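Trainee: Sharing start.txt here; it has compact mmCIF, C-alpha atoms.
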# COMPACT_ATOMS: atom_id res chain seq x y z
CA MET A 211 -14.83 71.26 1.92
CA SER A 212 -17.07 68.44 3.15
CA ASP A 213 -16.84 64.86 1.96
CA THR A 214 -19.94 64.05 -0.08
CA SER A 215 -18.87 60.56 -1.13
CA PRO A 216 -21.28 57.72 -0.43
CA THR A 217 -20.88 55.83 2.80
CA SER A 218 -18.67 52.79 2.40
CA THR A 219 -20.05 49.34 3.14
CA PRO A 220 -17.92 48.79 6.29
CA ASP A 221 -19.15 52.11 7.75
CA LEU A 222 -22.73 51.29 6.87
CA THR A 223 -22.42 47.79 8.28
CA ALA A 224 -20.97 49.13 11.52
CA ARG A 225 -23.81 51.64 11.88
CA LEU A 226 -26.45 48.99 11.17
CA GLU A 227 -24.84 46.55 13.60
CA ALA A 228 -24.83 49.29 16.25
CA MET A 229 -28.57 49.79 15.71
CA LEU A 230 -29.14 46.06 16.10
CA ALA A 231 -27.04 45.99 19.27
CA LYS A 232 -29.28 48.73 20.70
CA GLY A 233 -32.29 46.47 20.18
CA GLN A 234 -33.66 47.99 16.98
CA ASP A 235 -34.39 44.64 15.34
CA ASN A 236 -36.78 44.74 12.38
CA LEU A 237 -37.28 43.58 8.81
CA LEU A 238 -35.66 46.55 7.10
CA LEU A 239 -32.62 46.55 9.39
CA ARG A 240 -32.01 42.83 8.89
CA PHE A 241 -32.49 43.07 5.13
CA SER A 242 -30.13 46.06 4.98
CA LEU A 243 -27.50 44.17 6.98
CA GLY A 244 -27.89 41.14 4.72
CA LYS A 245 -27.47 43.30 1.64
CA ALA A 246 -24.44 45.13 3.07
CA TYR A 247 -22.74 41.87 3.98
CA TRP A 248 -23.62 40.44 0.55
CA GLU A 249 -21.99 43.43 -1.14
CA ALA A 250 -18.89 42.97 1.04
CA GLY A 251 -18.66 39.27 0.18
CA HIS A 252 -19.41 38.10 3.74
CA TRP A 253 -21.75 35.25 2.79
CA ASP A 254 -22.26 33.74 6.25
CA GLU A 255 -23.26 37.05 7.83
CA ALA A 256 -25.49 37.89 4.86
CA ASN A 257 -27.18 34.49 5.18
CA THR A 258 -27.80 35.03 8.90
CA HIS A 259 -29.38 38.46 8.49
CA LEU A 260 -31.49 37.58 5.46
CA ASN A 261 -32.89 34.57 7.30
CA ALA A 262 -33.68 36.87 10.23
CA ALA A 263 -35.44 39.30 7.85
CA LEU A 264 -37.56 36.44 6.55
CA GLY A 265 -38.46 35.63 10.16
CA PHE A 266 -40.19 39.01 10.26
CA ASP A 267 -41.95 38.51 6.92
CA PRO A 268 -41.69 35.16 5.13
CA GLN A 269 -43.34 36.73 2.07
CA PHE A 270 -40.62 39.37 1.53
CA SER A 271 -39.63 38.33 -1.98
CA ASN A 272 -36.58 40.60 -2.23
CA ALA A 273 -35.04 38.87 0.78
CA TRP A 274 -35.64 35.47 -0.85
CA LYS A 275 -34.09 36.73 -4.09
CA LEU A 276 -30.93 37.94 -2.33
CA LEU A 277 -30.79 34.87 -0.08
CA GLY A 278 -30.70 32.70 -3.20
CA ARG A 279 -27.73 34.69 -4.50
CA VAL A 280 -25.97 34.35 -1.15
CA ARG A 281 -26.54 30.60 -1.08
CA LEU A 282 -25.25 30.24 -4.62
CA ALA A 283 -22.15 32.24 -3.67
CA ARG A 284 -21.68 29.76 -0.79
CA ASP A 285 -21.85 26.95 -3.38
CA ASP A 286 -25.25 25.77 -2.11
CA ARG A 287 -27.13 25.27 -5.38
CA ALA A 288 -30.00 23.35 -3.77
CA GLY A 289 -30.39 26.07 -1.14
CA ALA A 290 -30.36 28.76 -3.83
CA ARG A 291 -33.07 26.93 -5.76
CA GLN A 292 -35.18 26.55 -2.61
CA ALA A 293 -34.84 30.26 -1.78
CA TRP A 294 -35.68 31.36 -5.31
CA GLU A 295 -38.67 29.04 -5.54
CA GLN A 296 -40.03 30.42 -2.27
CA GLY A 297 -39.25 33.95 -3.44
CA SER A 298 -41.05 33.35 -6.72
CA ALA A 299 -44.14 32.12 -4.87
CA ALA A 300 -44.01 35.13 -2.52
CA ALA A 301 -43.54 37.59 -5.38
CA THR A 302 -46.42 36.08 -7.32
CA ALA A 303 -48.68 36.14 -4.25
CA ARG A 304 -47.89 39.82 -3.67
CA GLY A 305 -48.14 40.80 -7.32
CA ASP A 306 -44.45 41.77 -7.49
CA ALA A 307 -43.96 40.94 -11.16
CA GLN A 308 -40.47 42.45 -11.43
CA VAL A 309 -39.01 40.29 -8.65
CA ALA A 310 -40.78 37.23 -10.06
CA ARG A 311 -39.15 37.88 -13.46
CA GLU A 312 -35.70 38.37 -11.92
CA ILE A 313 -36.01 35.15 -9.93
CA ALA A 314 -37.15 33.28 -13.05
CA ILE A 315 -33.93 34.40 -14.76
CA PHE A 316 -31.83 33.20 -11.81
CA LEU A 317 -33.57 29.82 -11.88
CA LYS A 318 -32.98 29.46 -15.65
CA ARG A 319 -29.29 30.27 -15.19
CA LEU A 320 -29.09 27.74 -12.38
CA ASP A 321 -30.64 25.08 -14.62
CA LYS A 322 -28.13 25.81 -17.39
CA ALA A 323 -25.09 25.71 -15.13
Mind turning the file's structure into structure tokens?
Mentor:
Amino acid sequence: MSDTSPTSTPDLTARLEAMLAKGQDNLLLRFSLGKAYWEAGHWDEANTHLNAALGFDPQFSNAWKLLGRVRLARDDRAGARQAWEQGSAAATARGDAQVAREIAIFLKRLDKA
């Protein structure tokens, strides 16, 4: 019987890191690495890869949204606000209403905290 369970985050991270080591550097790979490290609680690595993703496309609102969450997890409230404000502007410019709404909620929660 074959194992049909989803790939665990460490396995995924290792595969993505191997792709990066082979020179396959791009927006999706960096965002995927940032997300995998975020899910594993590795804030510094997530921060590094999300910033690299934004180097490919500074208007990628989902990367800004996740970067804000990473910064907040690192106890960088000002950095989280800056990321979410940039993400909100990017989402609005691209017509990504869902991400803009999610970021607005994060900013309201940050203001209340």
Trainee: Leu317 (chain A): which residues within 10 Å, counting all atoms listed in the file, same-chain residues fewer than 6 positions away excluded, as a PDB file with C-alpha atoms, in the coordinates of the input?
Mentor:
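Dumped everything to part20.pdb:
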ATOM      1  CA  GLY A 278     -30.700  32.700  -3.200  1.00  0.00           C
ATOM      2  CA  ALA A 290     -30.360  28.760  -3.830  1.00  0.00           C
ATOM      3  CA  ARG A 291     -33.070  26.930  -5.760  1.00  0.00           C
ATOM      4  CA  GLN A 292     -35.180  26.550  -2.610  1.00  0.00           C
ATOM      5  CA  TRP A 294     -35.680  31.360  -5.310  1.00  0.00           C
ATOM      6  CA  GLU A 295     -38.670  29.040  -5.540  1.00  0.00           C
ATOM      7  CA  SER A 298     -41.050  33.350  -6.720  1.00  0.00           C
ATOM      8  CA  ARG A 311     -39.150  37.880 -13.460  1.00  0.00           C
ATOM      9  CA  ALA A 323     -25.090  25.710 -15.130  1.00  0.00           C
TER      10      ALA A 323
END
Trainee: I'd like the neighbourhood of Leu320 (chain A) as a compact mmCIF listing (two decimals) with C-alpha atoms, in the frame of the given file, where a residue qualifies if any of its atoms comes within 10 Å (using all atoms listed in the file), though same-chain residues fewer than 5 positions away should be ignored.
Mentor:
# COMPACT_ATOMS: atom_id res chain seq x y z
CA LEU A 282 -25.25 30.24 -4.62
CA ARG A 287 -27.13 25.27 -5.38
CA ALA A 288 -30.00 23.35 -3.77
CA ALA A 290 -30.36 28.76 -3.83
CA ARG A 291 -33.07 26.93 -5.76
CA ALA A 314 -37.15 33.28 -13.05
CA ILE A 315 -33.93 34.40 -14.76
Trainee: Quick one: residues within 10 Å of Pro268 (chain A), only C-alpha atoms counted, chain neighbours fewer than 5 positions away excluded, as a list in words?
Mentor: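 The filter keeps Asn261, Ala262, Ala263, Ala273, Trp274, Gln296, Gly297 and Ala300 of chain A.
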Trainee: Restricting the calculation to all atoms listed in the file: of A:Arg279, A:His252, A:Lys245, A:Arg240, which residue gets closest to Asp267 (chain A)?
Mentor: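 The closest residue to Asp267 (chain A) is A:Arg240.
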Trainee: What is the CA of Asp235 (chain A)-CA of Thr258 (chain A) distance in Å, reported with one decimal?
Mentor: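 Taking CA of Asp235 (chain A) and CA of Thr258 (chain A), their separation equals 13.3 Å.
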Trainee: Is there a way to get, as a list in words, all residues within 9 Å of the point (-23.8, 44.8, 5.5) in file coordinates, counting all atoms listed in the file?
Mentor: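 Every residue inside that radius is included here: Thr219, Pro220, Asp221, Leu222, Thr223, Ala224, Leu226, Glu227, Phe241, Ser242, Leu243, Gly244, Lys245, Ala246, Tyr247, Trp248, Glu249, Ala250, His252, Glu255, Ala256 and His259 of chain A.
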Trainee: With distances taken over all atoms listed in the file, which of A:Gly233, A:Asp286, A:Phe270, A:Leu238 is nearest to Ala301 (chain A)?
Mentor: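 Going through A:Gly233, A:Asp286, A:Phe270, A:Leu238 one by one, the smallest distance to Ala301 (chain A) is for A:Phe270.
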Trainee: Kindly indicate which residue among A:Arg319, A:Val309, A:Asn257, A:Ala231 lies nearest to Ser271 (chain A), using all atoms listed in the file for the distances.
Mentor: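 Nearest to Ser271 (chain A): A:Val309.
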Trainee: Could you please determine the separation between CA of Thr302 (chain A) and CA of Lys322 (chain A) in Å, to one decimal place?
Mentor: 23.3 Å
Trainee: Rounded to one decimal in Å, what is the spacing between CA of Gln308 (chain A) and CA of Gln234 (chain A)?
Mentor: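 Answer for the CA of Gln308 (chain A) to CA of Gln234 (chain A) separation: 29.7 Å.
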Trainee: Using only the atoms of region 237-256 of chain A listed in the file, plus 8 Å on each side, state the axis-aligned box centre and edge lengths in Å rounded to one decimal, as AutoDock Vina command-line options.
Mentor:
--center_x -28.0 --center_y 40.1 --center_z 4.1 --size_x 34.6 --size_y 28.8 --size_z 26.5
